[in-house]
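To be precise, the following lines are upload-v3.txt, and they hold compact mmCIF, C-alpha atoms.
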```
# COMPACT_ATOMS: atom_id res chain seq x y z
CA ARG I 61 39.32 44.42 144.29
CA VAL I 62 41.03 41.37 142.87
CA TRP I 63 44.58 42.62 143.48
CA ALA I 64 43.87 42.77 147.23
CA SER I 65 42.70 39.16 147.60
CA GLU I 66 43.99 37.19 150.55
CA ALA I 67 44.42 33.76 148.98
CA ASP I 68 44.79 32.19 145.56
CA ARG I 69 41.37 30.56 145.88
CA THR I 70 39.72 33.94 146.49
CA LEU I 71 41.63 35.41 143.56
CA SER I 72 40.55 32.67 141.17
CA ARG I 73 36.91 32.79 142.32
CA ALA I 74 36.81 36.57 141.97
CA SER I 75 38.45 36.38 138.54
CA ILE I 76 35.96 33.81 137.27
CA LEU I 77 33.01 35.72 138.69
CA GLY I 78 34.23 39.07 137.35
CA GLY I 79 35.09 37.66 133.93
CA SER I 80 31.70 35.95 133.67
CA ALA I 81 29.89 39.14 134.63
CA VAL I 82 31.81 41.14 132.02
CA VAL I 83 31.02 38.57 129.32
CA LEU I 84 27.31 38.60 130.20
CA VAL I 85 27.06 42.40 130.22
CA VAL I 86 28.96 42.79 126.95
CA PHE I 87 26.80 40.07 125.36
CA PHE I 88 23.64 41.84 126.54
CA PHE I 89 24.67 45.19 125.07
CA GLY I 90 25.83 43.62 121.82
CA PHE I 91 22.70 41.48 121.48
CA CYS I 92 20.47 44.52 122.04
CA ALA I 93 22.43 46.37 119.34
CA PHE I 94 21.87 43.46 116.95
CA LEU I 95 18.16 43.55 117.74
CA ALA I 96 18.05 47.27 116.94
CA LEU I 97 19.86 46.71 113.65
CA TRP I 98 17.53 43.84 112.81
CA ALA I 99 14.49 46.03 113.44
CA TRP I 100 15.85 49.06 111.54
CA PRO I 101 18.59 48.08 109.05
CA ASP I 102 18.78 51.65 107.70
CA VAL I 103 20.08 52.82 111.11
CA ILE I 104 23.55 51.72 109.98
CA ALA I 105 23.90 54.59 107.52
CA SER I 106 22.77 57.34 109.87
CA THR I 107 24.19 56.28 113.24
CA ASP I 108 27.56 56.11 114.93
CA PRO I 109 28.30 52.38 115.40
CA ASN I 110 28.94 52.99 119.10
CA LEU I 111 25.31 54.03 119.55
CA TYR I 112 23.50 51.05 117.98
CA PHE I 113 22.47 49.83 121.43
CA PHE I 114 20.54 53.05 122.08
CA ALA I 115 18.66 52.71 118.78
CA LEU I 116 16.67 49.93 120.44
CA PHE I 117 15.20 52.46 122.88
CA SER I 118 14.36 55.23 120.44
CA LYS I 119 10.82 55.67 119.18
CA GLY I 120 11.71 55.83 115.50
CA ARG I 121 14.52 55.06 113.15
CA SER I 122 16.88 57.56 114.76
CA THR I 123 19.10 57.08 117.78
CA ARG I 124 17.75 59.99 119.76
CA LEU I 125 17.11 59.29 123.39
CA ASP I 126 13.44 60.18 123.50
CA SER I 127 12.20 57.53 125.92
CA TRP I 128 12.59 56.72 129.60
CA PRO I 129 14.13 53.26 129.00
CA GLY I 130 16.73 54.88 126.76
CA LEU I 131 17.58 57.42 129.43
CA ALA I 132 17.84 54.64 132.02
CA ALA I 133 20.17 52.69 129.69
CA LEU I 134 22.33 55.79 129.18
CA LEU I 135 22.56 56.36 132.94
CA CYS I 136 23.52 52.71 133.49
CA ALA I 137 26.21 52.96 130.81
CA ALA I 138 27.60 56.12 132.41
CA ILE I 139 27.62 54.50 135.86
CA PHE I 140 29.37 51.39 134.52
CA SER I 141 31.96 53.54 132.77
CA GLU I 142 32.65 55.46 135.95
CA GLY I 143 33.02 52.20 137.86
CA ALA I 144 35.56 51.00 135.30
CA VAL I 145 37.48 54.27 135.49
CA ASP I 146 37.46 54.08 139.29
CA SER I 147 38.82 50.52 139.21
CA LEU I 148 41.46 51.52 136.68
CA GLN I 149 42.55 54.47 138.84
CA ASN I 150 42.72 52.26 141.94
CA GLY I 151 44.77 49.71 140.01
CA ILE I 152 47.20 52.39 138.80
CA THR I 153 47.54 53.78 142.30
CA ALA I 154 48.07 50.34 143.86
CA THR I 155 50.66 49.39 141.26
CA LEU I 156 52.60 52.64 141.57
CA SER I 157 52.55 52.65 145.36
CA SER I 158 53.54 48.98 145.73
CA THR I 159 56.29 48.91 143.11
CA LEU I 160 57.82 52.29 142.34
CA LEU I 161 57.09 54.10 145.59
CA GLN I 162 57.27 51.33 148.17
CA GLY I 163 58.10 52.81 151.56
CA ARG I 164 57.57 56.39 150.40
CA PRO I 165 54.96 58.75 151.87
CA LEU I 166 51.40 58.78 150.56
CA GLY I 167 51.88 62.28 149.15
CA ALA I 168 54.50 60.95 146.71
CA THR I 169 52.04 58.36 145.42
CA ARG I 170 49.34 60.98 144.98
CA ALA I 171 51.75 63.28 143.13
CA LEU I 172 52.85 60.49 140.78
CA VAL I 173 49.25 59.45 140.05
CA LEU I 174 48.44 63.09 139.26
CA PHE I 175 51.55 63.29 137.06
CA VAL I 176 50.46 60.15 135.15
CA ASN I 177 46.81 61.23 134.74
CA LEU I 178 47.24 64.94 134.00
CA PRO I 179 48.45 64.49 130.40
CA LEU I 180 45.56 62.10 129.74
CA ALA I 181 43.04 64.60 131.10
CA ILE I 182 44.54 67.38 128.98
CA LEU I 183 44.48 65.14 125.90
CA GLY I 184 40.83 64.28 126.57
CA ALA I 185 39.93 67.98 126.70
CA THR I 186 41.64 68.90 123.42
CA PRO I 187 40.05 68.95 119.97
CA LEU I 188 42.21 65.93 119.08
CA VAL I 189 39.65 63.78 120.89
CA ASN I 190 36.51 64.78 119.03
CA ASN I 191 34.45 61.87 120.29
CA VAL I 192 34.41 60.80 123.94
CA LEU I 193 33.26 57.32 122.96
CA ASN I 194 36.49 56.82 121.01
CA LEU I 195 38.44 57.70 124.15
CA PHE I 196 36.59 55.02 126.12
CA LEU I 197 37.01 52.54 123.29
CA LEU I 198 40.77 53.09 123.37
CA SER I 199 40.91 51.59 126.85
CA ASN I 200 38.73 48.70 125.66
CA MET I 201 41.10 48.09 122.75
CA LEU I 202 44.10 48.06 125.07
CA THR I 203 42.35 45.64 127.40
CA THR I 204 41.52 43.34 124.51
CA VAL I 205 45.03 43.24 123.06
CA CYS I 206 46.59 42.71 126.49
CA ALA I 207 44.24 39.89 127.52
CA LEU I 208 46.01 37.03 125.71
CA PRO I 209 49.56 37.89 126.84
CA LEU I 210 48.36 38.36 130.42
CA LEU I 211 46.33 35.14 130.42
CA ALA I 212 49.39 33.30 129.07
CA CYS I 213 51.03 33.99 132.44
CA PHE I 214 48.61 31.55 134.06
CA VAL I 215 49.79 28.58 131.98
CA PRO I 216 51.25 26.09 134.47
CA GLY I 217 54.51 24.25 134.08
CA PRO I 218 58.22 25.02 134.03
CA TRP I 219 58.41 25.28 130.22
CA ALA I 220 55.74 27.99 130.25
CA HIS I 221 57.59 29.97 132.91
CA ARG I 222 60.75 29.90 130.77
CA LEU I 223 58.90 31.05 127.63
CA ILE I 224 56.57 33.61 129.16
CA SER I 225 58.62 36.30 130.87
CA GLU I 226 57.69 39.82 131.91
CA GLY I 227 59.36 41.19 128.80
CA ALA I 228 57.44 38.79 126.56
CA VAL I 229 54.14 39.89 128.09
CA VAL I 230 54.95 43.59 127.70
CA LEU I 231 56.12 43.07 124.11
CA GLY I 232 52.99 41.03 123.41
CA CYS I 233 50.79 43.87 124.68
CA PHE I 234 52.68 46.50 122.66
CA GLY I 235 52.71 44.27 119.58
CA GLY I 236 48.96 43.68 119.84
CA ALA I 237 48.25 47.40 120.23
CA ALA I 238 50.54 48.28 117.31
CA GLY I 239 49.04 45.59 115.08
CA LEU I 240 45.45 46.52 115.83
CA SER I 241 46.17 50.24 115.45
CA SER I 242 47.89 49.71 112.10
CA TYR I 243 44.96 47.57 110.92
CA GLY I 244 42.58 50.38 111.91
CA CYS I 245 44.69 52.99 110.10
CA ILE I 246 44.95 50.93 106.93
CA ARG I 247 41.27 50.04 106.91
```

Could you write out this structure as C-alpha cells?
Amino acid sequence: RVWASEADRTLSRASILGGSAVVLVVFFFGFCAFLALWAWPDVIASTDPNLYFFALFSKGRSTRLDSWPGLAALLCAAIFSEGAVDSLQNGITATLSSTLLQGRPLGATRALVLFVNLPLAILGATPLVNNVLNLFLLSNMLTTVCALPLLACFVPGPWAHRLISEGAVVLGCFGGAAGLSSYGCIR
C-alpha cells in the first residue's frame, strides 16, 4: 500500500522493492516462455502469444494444461491477477475518496466507485471482448505507457518542476496510449 506510506523513506523503499519484484516476476514468466519456444519452435503457429509460458508445462507441442505444474502456474497467474485488480481497485477508491469526495460520506465514495467500474464490467461481459487476456493486457499497456511520464515527476530540480506539470503528465499518458494503439491498429 504505497500510497499510504508514512514517510518519504518508506515510500521510496517500498517503491524500489515493489518495482524490483515486478521486474523479477515478469522476467521469470518471459524467460519461461522463451524456453518453451526454444524447445518447440512450431508452437508459435498454433498458440496464442499470451499462452507461450504455459507451453513449457504441457506434455507435448500443444499448450493444453495437462500437467500439475501447469495447473499450479495457472492458479498462480490467476492469484497474481486478482491481487493486481485488488490493488487497482483500492487505488481508485483512495484517489476518488481523497480528491473528489473529500469530506463526503463513505456511501458516496462507494457509489462513485460502482459508477466508474460498472461500465467496465459490462464491457468485459460483452462479445466485444472476445479474449479475457486482451482485457488484462489493456491494463498492462496503460501501465507501460504511463510509466515514463509518471517517473518524470521524480526528477529533482526547479527546472524539472517547471517543465513537468500535471497537464504534461496526463497528456504524456494519453499520447503514449494513442501512439501505441495506433501502432497496433496499423500493424

Non-local contacts of stretch 203-217 of chain I (12 Å; only C-alpha atoms; under 6 positions in same chain excluded) as a VMD selection string: chain I and resid 72 75 79 144 148 196 to 197 223 to 241

Save out the residues we just selected, C-alpha atoms, as an mmCIF file, in the coordinates of the input.
```cif
data_model
loop_
_atom_site.group_PDB
_atom_site.id
_atom_site.type_symbol
_atom_site.label_atom_id
_atom_site.label_comp_id
_atom_site.auth_asym_id
_atom_site.auth_seq_id
_atom_site.Cartn_x
_atom_site.Cartn_y
_atom_site.Cartn_z
ATOM 1 C CA SER I 72 40.550 32.670 141.170
ATOM 2 C CA SER I 75 38.450 36.380 138.540
ATOM 3 C CA GLY I 79 35.090 37.660 133.930
ATOM 4 C CA ALA I 144 35.560 51.000 135.300
ATOM 5 C CA LEU I 148 41.460 51.520 136.680
ATOM 6 C CA PHE I 196 36.590 55.020 126.120
ATOM 7 C CA LEU I 197 37.010 52.540 123.290
ATOM 8 C CA LEU I 223 58.900 31.050 127.630
ATOM 9 C CA ILE I 224 56.570 33.610 129.160
ATOM 10 C CA SER I 225 58.620 36.300 130.870
ATOM 11 C CA GLU I 226 57.690 39.820 131.910
ATOM 12 C CA GLY I 227 59.360 41.190 128.800
ATOM 13 C CA ALA I 228 57.440 38.790 126.560
ATOM 14 C CA VAL I 229 54.140 39.890 128.090
ATOM 15 C CA VAL I 230 54.950 43.590 127.700
ATOM 16 C CA LEU I 231 56.120 43.070 124.110
ATOM 17 C CA GLY I 232 52.990 41.030 123.410
ATOM 18 C CA CYS I 233 50.790 43.870 124.680
ATOM 19 C CA PHE I 234 52.680 46.500 122.660
ATOM 20 C CA GLY I 235 52.710 44.270 119.580
ATOM 21 C CA GLY I 236 48.960 43.680 119.840
ATOM 22 C CA ALA I 237 48.250 47.400 120.230
ATOM 23 C CA ALA I 238 50.540 48.280 117.310
ATOM 24 C CA GLY I 239 49.040 45.590 115.080
ATOM 25 C CA LEU I 240 45.450 46.520 115.830
ATOM 26 C CA SER I 241 46.170 50.240 115.450
#
```

Atom-to-atom span, atom CA of I:Tyr112 and atom CA of I:Ala133, Å: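 Atom-to-atom, atom CA of I:Tyr112 to atom CA of I:Ala133, that is 12.3 Å.
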
Interatomic distance (Å, one decimal) between atom CA of I:Leu156 and atom CA of I:His221: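 These two atoms are separated by 24.8 Å.
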
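When atom CA of I:Thr153 is paired with atom CA of I:Leu84, their separation reads 28.0 Å.
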
Distance criterion (all atoms listed in the file): nearest to I:Gly244 out of I:Ala132, I:Leu198, I:Ala171, I:Arg222: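 Of the candidates, the smallest distance to I:Gly244 is held by I:Leu198.
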
Radius query 12 Å about (49.5, 57.6, 146.0), atoms used: only C-alpha atoms, as a PyMOL selection string: chain I and resi 149-176
